[in-house]
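Structure below is upload_0.txt: compact mmCIF, C-alpha atoms.
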# COMPACT_ATOMS: atom_id res chain seq x y z
CA MET A 1215 67.50 66.39 91.83
CA THR A 1216 68.45 69.36 94.00
CA THR A 1217 72.11 68.64 93.30
CA LYS A 1218 71.43 68.97 89.56
CA LEU A 1219 69.71 72.30 90.23
CA LEU A 1220 72.76 73.49 92.18
CA PHE A 1221 75.06 72.50 89.31
CA PHE A 1222 72.82 74.36 86.87
CA ALA A 1223 72.90 77.52 89.04
CA ALA A 1224 76.69 77.23 89.30
CA MET A 1225 76.90 76.98 85.52
CA LEU A 1226 74.86 80.17 85.05
CA MET A 1227 76.95 81.95 87.70
CA GLY A 1228 80.09 80.97 85.81
CA PHE A 1229 78.53 82.32 82.62
CA TYR A 1230 77.90 85.69 84.33
CA ALA A 1231 81.52 85.72 85.51
CA LEU A 1232 82.60 85.21 81.90
CA THR A 1233 80.44 88.11 80.66
CA VAL A 1234 82.15 90.44 83.14
CA PHE A 1235 85.52 89.80 81.44
CA TRP A 1236 84.82 92.15 78.53
CA ARG A 1237 84.56 95.12 80.91
CA LEU A 1238 87.75 93.91 82.59
CA VAL A 1239 89.61 93.93 79.26
CA ALA A 1240 88.00 96.95 77.57
CA GLY A 1241 87.09 99.28 80.45
CA PRO A 1242 88.28 102.76 79.45
CA GLU A 1243 90.06 103.57 82.72
CA THR A 1244 91.64 101.57 85.54
CA ALA A 1245 88.68 102.43 87.79
CA ASN A 1246 86.29 100.63 85.43
CA ARG A 1247 88.53 97.58 85.49
CA ALA A 1248 88.55 97.67 89.30
CA VAL A 1249 84.73 97.71 89.32
CA ALA A 1250 84.67 94.71 86.98
CA LEU A 1251 87.18 92.85 89.16
CA ASP A 1252 85.09 93.54 92.27
CA THR A 1253 81.98 92.18 90.56
CA LEU A 1254 83.94 89.15 89.41
CA ASN A 1255 85.07 88.47 92.98
CA SER A 1256 81.49 88.50 94.33
CA LEU A 1257 80.36 86.18 91.54
CA VAL A 1258 83.22 83.76 92.19
CA VAL A 1259 82.37 83.66 95.91
CA ALA A 1260 78.75 82.83 95.05
CA LEU A 1261 79.97 80.16 92.62
CA MET A 1262 82.21 78.59 95.27
CA ILE A 1263 79.42 78.51 97.87
CA ILE A 1264 77.00 76.86 95.45
CA LEU A 1265 79.60 74.32 94.29
CA ALA A 1266 80.44 73.51 97.93
CA ALA A 1267 76.81 72.48 98.47
CA ALA A 1268 76.72 70.58 95.18
CA TYR A 1269 79.94 68.64 95.80
CA ASP A 1270 79.12 68.31 99.51
CA SER A 1271 82.49 69.59 100.74
CA VAL A 1272 82.94 72.15 103.51
CA VAL A 1273 86.53 72.97 102.49
CA MET A 1274 85.30 74.88 99.46
CA VAL A 1275 83.37 77.31 101.69
CA ASP A 1276 86.55 77.92 103.68
CA VAL A 1277 88.28 78.72 100.42
CA ALA A 1278 85.42 81.13 99.62
CA ILE A 1279 85.84 82.93 102.96
CA VAL A 1280 89.59 83.35 102.44
CA TYR A 1281 89.01 84.41 98.84
CA ALA A 1282 86.49 87.09 99.90
CA ALA A 1283 88.85 88.49 102.55
CA LEU A 1284 91.92 88.48 100.29
CA SER A 1285 90.11 89.95 97.28
CA PHE A 1286 88.98 92.77 99.58
CA VAL A 1287 92.60 93.55 100.42
CA GLY A 1288 93.46 93.39 96.71
CA THR A 1289 90.67 95.82 95.82
CA LEU A 1290 91.87 98.24 98.50
CA PHE A 1291 95.37 98.15 97.05
CA ILE A 1292 94.08 98.76 93.52
CA ALA A 1293 92.12 101.73 94.90
CA ARG A 1294 95.29 103.15 96.47
CA TYR A 1295 97.07 102.66 93.14
CA ILE A 1296 94.32 104.57 91.28
CA GLU A 1297 94.66 107.41 93.78
CA GLY A 1298 98.36 107.44 92.94
CA GLU A 1299 99.72 106.80 96.43
CA VAL A 1300 101.57 103.52 95.91
CA MET B 1362 59.81 70.37 98.34
CA THR B 1363 63.55 70.92 98.87
CA PHE B 1364 63.81 71.44 95.14
CA LEU B 1365 61.17 74.18 95.10
CA LEU B 1366 62.43 76.12 98.13
CA VAL B 1367 66.12 76.01 97.23
CA GLY B 1368 65.20 76.66 93.61
CA ALA B 1369 63.23 79.82 94.47
CA LEU B 1370 66.13 81.25 96.49
CA LEU B 1371 68.61 80.35 93.74
CA LEU B 1372 66.35 81.99 91.15
CA VAL B 1373 66.37 85.30 93.09
CA SER B 1374 70.15 85.01 93.45
CA LEU B 1375 70.67 84.35 89.74
CA PHE B 1376 68.34 87.20 88.75
CA PHE B 1377 70.14 89.82 90.84
CA ASN B 1378 73.64 88.57 89.99
CA GLY B 1379 72.71 88.71 86.31
CA LEU B 1380 71.49 92.28 86.72
CA GLY B 1381 74.73 93.17 88.47
CA ALA B 1382 76.79 91.79 85.59
CA PHE B 1383 74.47 93.46 83.05
CA SER B 1384 74.66 96.86 84.76
CA LEU B 1385 78.38 97.02 83.91
CA TYR B 1386 77.33 97.44 80.29
CA ARG B 1387 74.12 99.40 80.82
CA PHE B 1388 75.37 102.41 82.79
CA PRO B 1389 77.60 105.21 81.46
CA ASP B 1390 80.35 105.73 84.06
CA VAL B 1391 82.25 104.28 87.04
CA TYR B 1392 79.94 105.55 89.79
CA THR B 1393 76.67 104.33 88.31
CA ARG B 1394 78.30 101.01 87.43
CA LEU B 1395 79.41 100.68 91.04
CA HIS B 1396 75.78 101.13 92.13
CA GLY B 1397 74.60 98.24 90.01
CA ALA B 1398 77.59 96.01 90.57
CA THR B 1399 77.84 96.41 94.35
CA LYS B 1400 74.19 96.33 95.37
CA CYS B 1401 72.98 93.65 92.99
CA THR B 1402 75.89 91.23 93.42
CA THR B 1403 75.89 91.59 97.21
CA PHE B 1404 72.17 90.85 97.36
CA GLY B 1405 72.47 88.00 94.85
CA THR B 1406 75.37 86.37 96.66
CA LEU B 1407 73.55 86.71 100.00
CA PHE B 1408 70.64 84.83 98.49
CA ALA B 1409 72.96 82.13 97.14
CA ALA B 1410 74.30 81.75 100.69
CA PHE B 1411 70.71 81.53 102.03
CA ALA B 1412 69.88 78.86 99.47
CA VAL B 1413 72.89 76.78 100.53
CA SER B 1414 72.04 77.33 104.23
CA LEU B 1415 68.49 76.10 103.67
CA PHE B 1416 69.80 73.15 101.68
CA SER B 1417 72.19 72.17 104.47
CA VAL B 1418 69.48 72.53 107.16
CA ILE B 1419 67.13 70.27 105.19
CA ARG B 1420 69.92 67.75 104.55
CA PHE B 1421 70.75 67.80 108.29
CA PHE B 1422 67.18 66.88 109.19
CA GLU B 1423 67.14 64.17 106.51
CA THR B 1424 70.44 62.49 107.40
CA GLY B 1425 71.33 63.76 110.88
CA GLU B 1426 75.02 64.21 110.03
CA GLY B 1427 76.89 66.97 111.88
CA ARG B 1428 78.88 68.15 108.87
CA PHE B 1429 75.82 69.84 107.38
CA ILE B 1430 75.66 72.12 110.43
CA VAL B 1431 79.35 72.91 109.83
CA LEU B 1432 78.48 73.77 106.22
CA LEU B 1433 75.69 76.05 107.48
CA ILE B 1434 77.95 77.93 109.92
CA HIS B 1435 80.72 78.42 107.37
CA THR B 1436 78.28 79.63 104.71
CA LEU B 1437 76.83 82.21 107.10
CA ILE B 1438 80.34 83.43 107.99
CA ALA B 1439 81.13 83.79 104.27
CA ALA B 1440 77.92 85.82 103.80
CA ALA B 1441 78.80 88.13 106.71
CA VAL B 1442 82.35 88.67 105.39
CA LEU B 1443 80.98 89.47 101.95
CA LEU B 1444 78.38 91.92 103.31
CA ILE B 1445 81.05 93.94 105.12
CA THR B 1446 83.82 93.85 102.52
CA ASN B 1447 81.74 94.63 99.41
CA ALA B 1448 80.37 97.94 100.70
CA THR B 1449 83.80 99.03 101.90
CA SER B 1450 85.58 98.19 98.66
CA ALA B 1451 82.89 100.03 96.64
CA HIS B 1452 83.52 103.09 98.79
CA ALA B 1453 87.30 102.77 98.26
CA ILE B 1454 86.96 102.51 94.48
CA ALA B 1455 84.55 105.48 94.31
CA ARG B 1456 86.83 107.70 96.37
CA ALA B 1457 89.92 106.69 94.39
CA ALA B 1458 88.11 107.32 91.09
CA HIS B 1459 87.06 110.79 92.17
CA ARG B 1460 90.53 111.68 93.46
CA SER B 1461 92.15 110.50 90.23
CA GLY B 1462 90.02 113.08 88.41
CA LEU B 1463 87.20 111.00 86.91
CA LEU B 1464 84.03 113.10 86.92
CA PRO B 1465 80.57 111.49 86.99
CA ALA B 1466 79.03 111.42 83.51
CA ARG B 1467 75.74 113.27 82.93
CA ALA B 1468 75.84 114.62 86.50
CA VAL B 1469 73.38 117.37 87.40
CA VAL B 1470 75.31 118.42 90.50
CA ASP B 1471 78.78 117.63 91.91
CA ARG B 1472 79.38 119.11 95.37
CA LEU B 1473 82.69 117.32 95.90
CA GLU B 1474 84.22 118.88 92.77
CA GLU B 1475 82.95 122.31 93.85
CA LYS B 1476 84.64 121.89 97.21
CA GLU B 1477 87.94 120.83 95.66
CA GLU B 1478 87.87 123.81 93.29
CA MET B 1479 87.29 126.13 96.24
CA LYS B 1480 90.40 124.77 97.94
CA GLY B 1481 92.46 125.62 94.86
CA GLY B 1482 92.22 122.99 92.15
CA ALA B 1483 94.64 120.13 92.72
CA ALA B 1484 94.41 119.94 96.49
CA HIS B 1485 94.45 116.15 96.50
CA ASP B 1486 96.25 115.21 99.65
CA MET C 1206 88.46 94.06 124.19
CA TYR C 1207 85.72 93.04 121.80
CA VAL C 1208 88.38 92.44 119.16
CA PHE C 1209 89.74 89.68 121.39
CA VAL C 1210 86.34 88.11 122.06
CA VAL C 1211 85.17 88.30 118.44
CA SER C 1212 88.36 86.75 117.03
CA PHE C 1213 88.32 84.03 119.72
CA LEU C 1214 84.72 83.08 118.90
CA MET C 1215 85.35 83.29 115.15
CA TYR C 1216 88.32 80.91 115.39
CA LEU C 1217 86.31 78.41 117.44
CA LEU C 1218 83.39 78.61 114.98
CA LEU C 1219 85.71 77.95 112.03
CA VAL C 1220 87.54 75.11 113.79
CA TRP C 1221 84.46 73.34 115.20
CA SER C 1222 83.62 70.32 113.07
CA GLY C 1223 80.63 68.48 114.48
CA GLY C 1224 82.19 67.07 117.64
CA GLY C 1225 83.70 68.79 120.66
CA VAL C 1226 86.59 71.26 120.65
CA GLY C 1227 89.88 69.95 122.02
CA ILE C 1228 91.99 71.69 124.67
CA PHE C 1229 94.72 72.27 122.09
CA GLU C 1230 92.38 74.25 119.85
CA LEU C 1231 91.28 76.41 122.79
CA PHE C 1232 94.94 77.11 123.55
CA VAL C 1233 95.72 78.10 119.94
CA ALA C 1234 92.59 80.30 119.83
CA LEU C 1235 93.64 82.10 123.02
CA ILE C 1236 97.16 82.78 121.70
CA LEU C 1237 95.98 83.93 118.25
CA SER C 1238 93.27 86.26 119.53
CA ALA C 1239 95.68 87.71 122.13
CA VAL C 1240 98.17 88.44 119.34
CA ILE C 1241 95.44 90.09 117.24
CA ALA C 1242 94.20 92.21 120.15
CA LEU C 1243 97.74 93.34 120.99
CA LEU C 1244 98.47 94.25 117.37
CA PHE C 1245 95.21 96.20 117.19
CA HIS C 1246 96.20 98.04 120.36
CA LYS C 1247 99.62 98.82 118.88
CA TRP C 1248 98.19 100.22 115.64
CA HIS C 1249 95.49 102.27 117.37
CA PRO C 1250 97.13 103.44 120.61
CA GLU C 1251 94.31 105.94 121.29
CA LYS C 1252 91.83 103.08 121.75
CA LYS C 1253 91.82 101.79 125.33
CA PHE C 1254 91.00 98.27 126.43
CA SER C 1255 87.40 98.70 127.55
CA VAL C 1256 84.45 96.41 128.11
CA SER C 1257 81.84 98.80 126.72
CA GLY C 1258 82.02 96.97 123.37
CA LEU C 1259 80.84 93.81 125.13
CA ASN C 1260 77.56 95.28 126.37
CA PRO C 1261 74.98 92.65 125.32
CA ARG C 1262 72.31 95.31 124.77
CA LYS C 1263 74.49 96.91 122.11
CA TRP C 1264 74.95 93.59 120.34
CA PHE C 1265 71.22 92.95 120.54
CA ASP C 1266 70.57 96.42 119.09
CA PHE C 1267 73.04 95.69 116.32
CA LEU C 1268 71.28 92.42 115.41
CA HIS C 1269 67.92 94.19 115.55
CA TYR C 1270 69.25 96.85 113.16
CA LEU C 1271 70.78 94.24 110.84
CA PHE C 1272 67.63 92.15 110.48
CA GLY C 1273 65.11 94.99 110.81
CA PRO C 1274 65.60 98.36 109.04
CA PHE C 1275 68.80 97.38 107.24
CA ALA C 1276 67.39 94.24 105.61
CA VAL C 1277 64.28 96.14 104.50
CA GLY C 1278 66.45 98.94 103.08
CA LEU C 1279 68.65 96.43 101.26
CA ALA C 1280 65.66 94.71 99.63
CA LYS C 1281 64.10 98.04 98.58
CA ALA C 1282 67.43 99.27 97.22
CA ASN C 1283 67.85 96.22 95.07
CA ILE C 1284 64.37 96.40 93.58
CA ASP C 1285 64.93 100.12 92.88
CA VAL C 1286 68.34 99.57 91.25
CA ALA C 1287 66.99 96.59 89.29
CA LYS C 1288 64.28 98.84 87.83
CA ARG C 1289 66.85 101.47 86.90
CA VAL C 1290 69.15 98.90 85.29
CA ILE C 1291 66.29 97.66 83.12
CA THR C 1292 64.75 101.03 82.20
CA GLY C 1293 67.99 103.07 82.17
CA ASN C 1294 66.19 105.99 83.85
CA ILE C 1295 68.98 107.79 85.77
CA ARG C 1296 69.84 111.36 86.79
CA PRO C 1297 73.13 111.05 88.70
CA GLY C 1298 74.94 113.62 90.81
CA ILE C 1299 77.02 114.02 93.95
CA VAL C 1300 75.25 115.73 96.87
CA ARG C 1301 76.46 116.40 100.40
CA VAL C 1302 74.88 116.10 103.85
CA ASN C 1303 76.20 116.42 107.39
CA PRO C 1304 74.71 113.86 109.79
CA GLY C 1305 76.89 115.13 112.66
CA LEU C 1306 78.46 111.82 113.71
CA LYS C 1307 81.65 111.91 115.75
CA THR C 1308 83.08 108.41 116.19
CA ASP C 1309 84.75 106.42 113.42
CA LEU C 1310 82.55 103.38 114.06
CA GLY C 1311 79.38 105.45 113.63
CA LYS C 1312 80.66 106.92 110.37
CA THR C 1313 81.57 103.46 109.10
CA ILE C 1314 78.17 101.99 109.95
CA LEU C 1315 76.34 104.91 108.32
CA ALA C 1316 78.56 104.88 105.18
CA ASP C 1317 78.11 101.13 104.68
CA SER C 1318 74.35 101.44 105.22
CA ILE C 1319 74.17 104.29 102.72
CA THR C 1320 76.11 102.28 100.16
CA LEU C 1321 73.75 99.34 100.42
CA THR C 1322 70.45 101.30 100.45
CA PRO C 1323 68.39 102.89 97.64
CA GLY C 1324 70.34 104.63 94.91
CA THR C 1325 73.08 106.10 97.09
CA LEU C 1326 76.85 105.47 97.35
CA THR C 1327 79.26 107.20 99.74
CA VAL C 1328 82.16 108.71 97.78
CA ASP C 1329 84.07 110.68 100.42
CA ILE C 1330 83.92 111.86 104.03
CA ASP C 1331 85.88 114.96 105.02
CA ASP C 1332 87.27 115.94 108.40
CA GLU C 1333 84.28 118.06 109.39
CA GLY C 1334 81.91 115.13 109.01
CA TRP C 1335 80.40 116.00 105.61
CA PHE C 1336 79.31 112.96 103.63
CA TYR C 1337 79.66 113.23 99.83
CA ILE C 1338 77.09 110.87 98.36
CA HIS C 1339 76.66 109.80 94.75
CA TRP C 1340 72.93 109.65 94.11
CA LEU C 1341 71.53 107.67 91.21
CA PHE C 1342 68.41 109.81 90.81
CA VAL C 1343 68.80 113.36 92.14
CA ARG C 1344 65.45 114.78 93.20
CA ASP C 1345 66.81 117.74 95.14
CA GLU C 1346 70.26 119.32 94.86
CA ASN C 1347 70.39 120.21 98.58
CA PRO C 1348 68.62 117.22 100.12
CA ALA C 1349 67.57 116.75 103.73
CA GLU C 1350 68.95 113.75 105.60
CA GLU C 1351 65.62 111.90 105.75
CA GLU C 1352 65.23 112.05 101.99
CA LEU C 1353 68.58 110.31 101.45
CA TYR C 1354 68.66 107.57 104.05
CA GLY C 1355 65.67 107.79 106.38
CA ASP C 1356 66.49 107.23 110.05
CA PHE C 1357 69.80 105.38 109.59
CA ALA C 1358 71.70 108.27 111.21
CA CYS C 1359 69.68 107.81 114.42
CA TRP C 1360 70.51 104.10 114.37
CA ALA C 1361 74.22 104.76 113.81
CA ARG C 1362 74.20 107.25 116.70
CA ARG C 1363 72.44 104.76 118.95
CA LEU C 1364 74.80 101.90 118.05
CA ALA C 1365 78.12 103.72 118.22
CA GLU C 1366 77.82 106.74 120.52
Write the structure described by the file as structure tokens, please.
Amino acid sequence: MTTKLLFFAAMLMGFYALTVFWRLVAGPETANRAVALDTLNSLVVALMIILAAAYDSVVMVDVAIVYAALSFVGTLFIARYIEGEV
Amino acid sequence: MTFLLVGALLLVSLFFNGLGAFSLYRFPDVYTRLHGATKCTTFGTLFAAFAVSLFSVIRFFETGEGRFIVLLIHTLIAAAVLLITNATSAHAIARAAHRSGLLPARAVVDRLEEKEEMKGGAAHD
Amino acid sequence: MYVFVVSFLMYLLLVWSGGGVGIFELFVALILSAVIALLFHKWHPEKKFSVSGLNPRKWFDFLHYLFGPFAVGLAKANIDVAKRVITGNIRPGIVRVNPGLKTDLGKTILADSITLTPGTLTVDIDDEGWFYIHWLFVRDENPAEEELYGDFACWARRLAE
């Protein structure tokens, strides 16, 4: 029963991640796209954590940790690019 | 019982994550969007992590298997990493946006722009 | 020094899987955290190897801050921002304050706390210690520190200086 609930929450989280895509495609400037990408990263981390509990596998949480750290580095590089230093 | 507790935490998480995604369309410019996106998604994802932690603690007491404690520890580490990195990357994006010349929409006051004008316009170093 | 200890403990926490930790894992953890600490020392030569970062009272204070004032501020901030997202009632602007912090760690703690608490987002910090803060609902164009972030500056001073 709780597993079904977790799958349902993961489904809604995936739906939110899909709604963010329009800002990622349409955002007037690069900065808006960076904001959308940052939001998308947080949502994907939440999705991975919930799915790890639902599928009962610890490896997925490890993937979430690495994803959070690497997406942080990516966001920093995009920020440097917007500043015009790279 | 497990269903209700985990469900309540997941409901809070889904509510705030939804608001974070919605605020990207609700607010007029980069800075205000960053407010909504950063705060709401950080809080929402923290609550998702709490829900999974509670789930793994309950499952540990039901089954007594050690791997649920491992799941708990790794989830808490993921939450800590997210809490630190999200605030920092929001700060990086805001600073980069201001340096690239994006001004806040509908702003009543902008001290940073005033300071940069005093230093002679394009003093972005 | 606390870089070494924190990375050592973090590696062991990630590697631990229910049973005990083998001698091989301890060896790998020692080597990896030594490499990280040496690299950190190379990139920041002005930072000396000191044990002051290991003071347990400081860590206790940090945990107290994290679960006390910071958690309350985070919850309040989210309810406030949620209301503003739904009603669309905003009056944005960038204001500046000078909390008078000196160390980098203190500035980082305060900037992160500001970003995650009600309606404020740090945009820039200049060399003289002025914080430029984007405020979602400007009540006062030259605000006092308490109005923006309460007593977080005192906490940052206590934790980092």
Show me, as a ChimeraX atom specification, the residues that have an atom within 8 Å of stretch 1399-1406 of chain B when counting only C-alpha atoms, minus same-chain residues fewer than 5 positions from it. /A:1253,1256-1257,1259-1260 /B:1373-1378,1380-1382,1440,1443-1444,1447-1448,1451 /C:1279-1280,1282-1283,1286-1287,1320-1321
For chain B, list the residues within 8 Å of chain A, counting all atoms listed in the file, and write the list as a ChimeraX atom specification. /B:1363-1364,1367-1368,1371,1375,1378-1379,1381-1382,1385-1386,1390-1391,1394-1395,1398-1399,1402-1403,1406,1409-1410,1413,1416-1417,1428,1431-1432,1435-1436,1438-1439,1442-1443,1446-1447,1450-1451,1453-1454,1457-1458,1460-1461
Selection above as a file: C-alpha atoms, as an mmCIF file, in the frame of the given file:
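Printed below is part.cif as written:
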data_model
loop_
_atom_site.group_PDB
_atom_site.id
_atom_site.type_symbol
_atom_site.label_atom_id
_atom_site.label_comp_id
_atom_site.auth_asym_id
_atom_site.auth_seq_id
_atom_site.Cartn_x
_atom_site.Cartn_y
_atom_site.Cartn_z
ATOM 1 C CA THR B 1363 63.550 70.920 98.870
ATOM 2 C CA PHE B 1364 63.810 71.440 95.140
ATOM 3 C CA VAL B 1367 66.120 76.010 97.230
ATOM 4 C CA GLY B 1368 65.200 76.660 93.610
ATOM 5 C CA LEU B 1371 68.610 80.350 93.740
ATOM 6 C CA LEU B 1375 70.670 84.350 89.740
ATOM 7 C CA ASN B 1378 73.640 88.570 89.990
ATOM 8 C CA GLY B 1379 72.710 88.710 86.310
ATOM 9 C CA GLY B 1381 74.730 93.170 88.470
ATOM 10 C CA ALA B 1382 76.790 91.790 85.590
ATOM 11 C CA LEU B 1385 78.380 97.020 83.910
ATOM 12 C CA TYR B 1386 77.330 97.440 80.290
ATOM 13 C CA ASP B 1390 80.350 105.730 84.060
ATOM 14 C CA VAL B 1391 82.250 104.280 87.040
ATOM 15 C CA ARG B 1394 78.300 101.010 87.430
ATOM 16 C CA LEU B 1395 79.410 100.680 91.040
ATOM 17 C CA ALA B 1398 77.590 96.010 90.570
ATOM 18 C CA THR B 1399 77.840 96.410 94.350
ATOM 19 C CA THR B 1402 75.890 91.230 93.420
ATOM 20 C CA THR B 1403 75.890 91.590 97.210
ATOM 21 C CA THR B 1406 75.370 86.370 96.660
ATOM 22 C CA ALA B 1409 72.960 82.130 97.140
ATOM 23 C CA ALA B 1410 74.300 81.750 100.690
ATOM 24 C CA VAL B 1413 72.890 76.780 100.530
ATOM 25 C CA PHE B 1416 69.800 73.150 101.680
ATOM 26 C CA SER B 1417 72.190 72.170 104.470
ATOM 27 C CA ARG B 1428 78.880 68.150 108.870
ATOM 28 C CA VAL B 1431 79.350 72.910 109.830
ATOM 29 C CA LEU B 1432 78.480 73.770 106.220
ATOM 30 C CA HIS B 1435 80.720 78.420 107.370
ATOM 31 C CA THR B 1436 78.280 79.630 104.710
ATOM 32 C CA ILE B 1438 80.340 83.430 107.990
ATOM 33 C CA ALA B 1439 81.130 83.790 104.270
ATOM 34 C CA VAL B 1442 82.350 88.670 105.390
ATOM 35 C CA LEU B 1443 80.980 89.470 101.950
ATOM 36 C CA THR B 1446 83.820 93.850 102.520
ATOM 37 C CA ASN B 1447 81.740 94.630 99.410
ATOM 38 C CA SER B 1450 85.580 98.190 98.660
ATOM 39 C CA ALA B 1451 82.890 100.030 96.640
ATOM 40 C CA ALA B 1453 87.300 102.770 98.260
ATOM 41 C CA ILE B 1454 86.960 102.510 94.480
ATOM 42 C CA ALA B 1457 89.920 106.690 94.390
ATOM 43 C CA ALA B 1458 88.110 107.320 91.090
ATOM 44 C CA ARG B 1460 90.530 111.680 93.460
ATOM 45 C CA SER B 1461 92.150 110.500 90.230
#
I'd like the contact shell of C:Gly1293 - 12 Å cut-off, only C-alpha atoms, skipping same-chain residues fewer than 5 positions apart - returned as a ChimeraX atom specification. /B:1383-1384,1386-1389,1393-1394,1397 /C:1285-1288,1341-1342
File of the preceding selection, C-alpha atoms, as a compact mmCIF listing (two decimals), in the frame of the given file:
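Output file result.txt follows:
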# COMPACT_ATOMS: atom_id res chain seq x y z
CA PHE B 1383 74.47 93.46 83.05
CA SER B 1384 74.66 96.86 84.76
CA TYR B 1386 77.33 97.44 80.29
CA ARG B 1387 74.12 99.40 80.82
CA PHE B 1388 75.37 102.41 82.79
CA PRO B 1389 77.60 105.21 81.46
CA THR B 1393 76.67 104.33 88.31
CA ARG B 1394 78.30 101.01 87.43
CA GLY B 1397 74.60 98.24 90.01
CA ASP C 1285 64.93 100.12 92.88
CA VAL C 1286 68.34 99.57 91.25
CA ALA C 1287 66.99 96.59 89.29
CA LYS C 1288 64.28 98.84 87.83
CA LEU C 1341 71.53 107.67 91.21
CA PHE C 1342 68.41 109.81 90.81
Residue nearest C:Trp1335 among C:Ala1349, C:Trp1360, C:Ile1314, C:Pro1304 (counting all atoms listed in the file): C:Pro1304
Could you please determine the separation between atom CA of B:Val1469 and atom CA of C:Glu1346 in Å, to one decimal place? 8.3 Å
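In this model, the gap between atom CA of B:Ala1455 and atom CA of C:Val1343 comes to 17.7 Å.
In plain terms, chain C touches chain A through C:Leu1218, C:Leu1219, C:Val1220, C:Trp1221, C:Ser1222, C:Gly1223, where touching means an atom at most 12 Å away, counting only C-alpha atoms.
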What is the distance between atom CA of C:Ser1238 and atom CA of C:Arg1262, in Å to one decimal?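 According to the coordinates, atom CA of C:Ser1238 and atom CA of C:Arg1262 are separated by 23.4 Å.
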Hey, what's within 7 Å of stretch 1472-1475 of chain B if we count all atoms listed in the file and toss same-chain stuff fewer than 4 positions away? As a PyMOL selection string, please? (chain B and resi 1479) or (chain C and resi 1299-1301+1337)
Determine the nearest neighbour of chain C from the options B:Met1362, B:Ile1430, B:Leu1463, B:Leu1437, counting all atoms listed in the file.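 Ranking B:Met1362, B:Ile1430, B:Leu1463, B:Leu1437 by distance to chain C, first place goes to B:Ile1430.
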Residue completion, stretch 1441-1445 of chain B, all heavy atoms, as an mmCIF file, in the coordinates of the input:
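Produced file rebuild06.cif, reproduced below:
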data_model
loop_
_atom_site.group_PDB
_atom_site.id
_atom_site.type_symbol
_atom_site.label_atom_id
_atom_site.label_comp_id
_atom_site.auth_asym_id
_atom_site.auth_seq_id
_atom_site.Cartn_x
_atom_site.Cartn_y
_atom_site.Cartn_z
ATOM 1 N N ALA B 1441 78.525 86.948 105.885
ATOM 2 C CA ALA B 1441 78.800 88.130 106.710
ATOM 3 C C ALA B 1441 80.045 88.849 106.206
ATOM 4 O O ALA B 1441 80.065 90.080 106.081
ATOM 5 C CB ALA B 1441 78.974 87.719 108.168
ATOM 6 N N VAL B 1442 81.108 88.069 105.901
ATOM 7 C CA VAL B 1442 82.350 88.670 105.390
ATOM 8 C C VAL B 1442 82.062 89.436 104.109
ATOM 9 O O VAL B 1442 82.507 90.571 103.914
ATOM 10 C CB VAL B 1442 83.404 87.570 105.149
ATOM 11 C CG1 VAL B 1442 84.572 88.114 104.361
ATOM 12 C CG2 VAL B 1442 83.909 87.016 106.450
ATOM 13 N N LEU B 1443 81.276 88.838 103.232
ATOM 14 C CA LEU B 1443 80.980 89.470 101.950
ATOM 15 C C LEU B 1443 80.186 90.751 102.144
ATOM 16 O O LEU B 1443 80.440 91.760 101.483
ATOM 17 C CB LEU B 1443 80.188 88.498 101.086
ATOM 18 C CG LEU B 1443 80.341 88.800 99.625
ATOM 19 C CD1 LEU B 1443 81.628 88.200 99.143
ATOM 20 C CD2 LEU B 1443 79.180 88.293 98.867
ATOM 21 N N LEU B 1444 79.223 90.734 103.069
ATOM 22 C CA LEU B 1444 78.380 91.920 103.310
ATOM 23 C C LEU B 1444 79.221 93.099 103.765
ATOM 24 O O LEU B 1444 78.994 94.234 103.343
ATOM 25 C CB LEU B 1444 77.330 91.569 104.364
ATOM 26 C CG LEU B 1444 76.209 92.563 104.588
ATOM 27 C CD1 LEU B 1444 75.380 92.652 103.338
ATOM 28 C CD2 LEU B 1444 75.361 92.144 105.744
ATOM 29 N N ILE B 1445 80.222 92.836 104.628
ATOM 30 C CA ILE B 1445 81.050 93.940 105.120
ATOM 31 C C ILE B 1445 82.027 94.408 104.051
ATOM 32 O O ILE B 1445 82.149 95.598 103.776
ATOM 33 C CB ILE B 1445 81.808 93.510 106.387
ATOM 34 C CG1 ILE B 1445 80.828 93.168 107.501
ATOM 35 C CG2 ILE B 1445 82.733 94.600 106.850
ATOM 36 C CD1 ILE B 1445 81.452 92.448 108.642
#
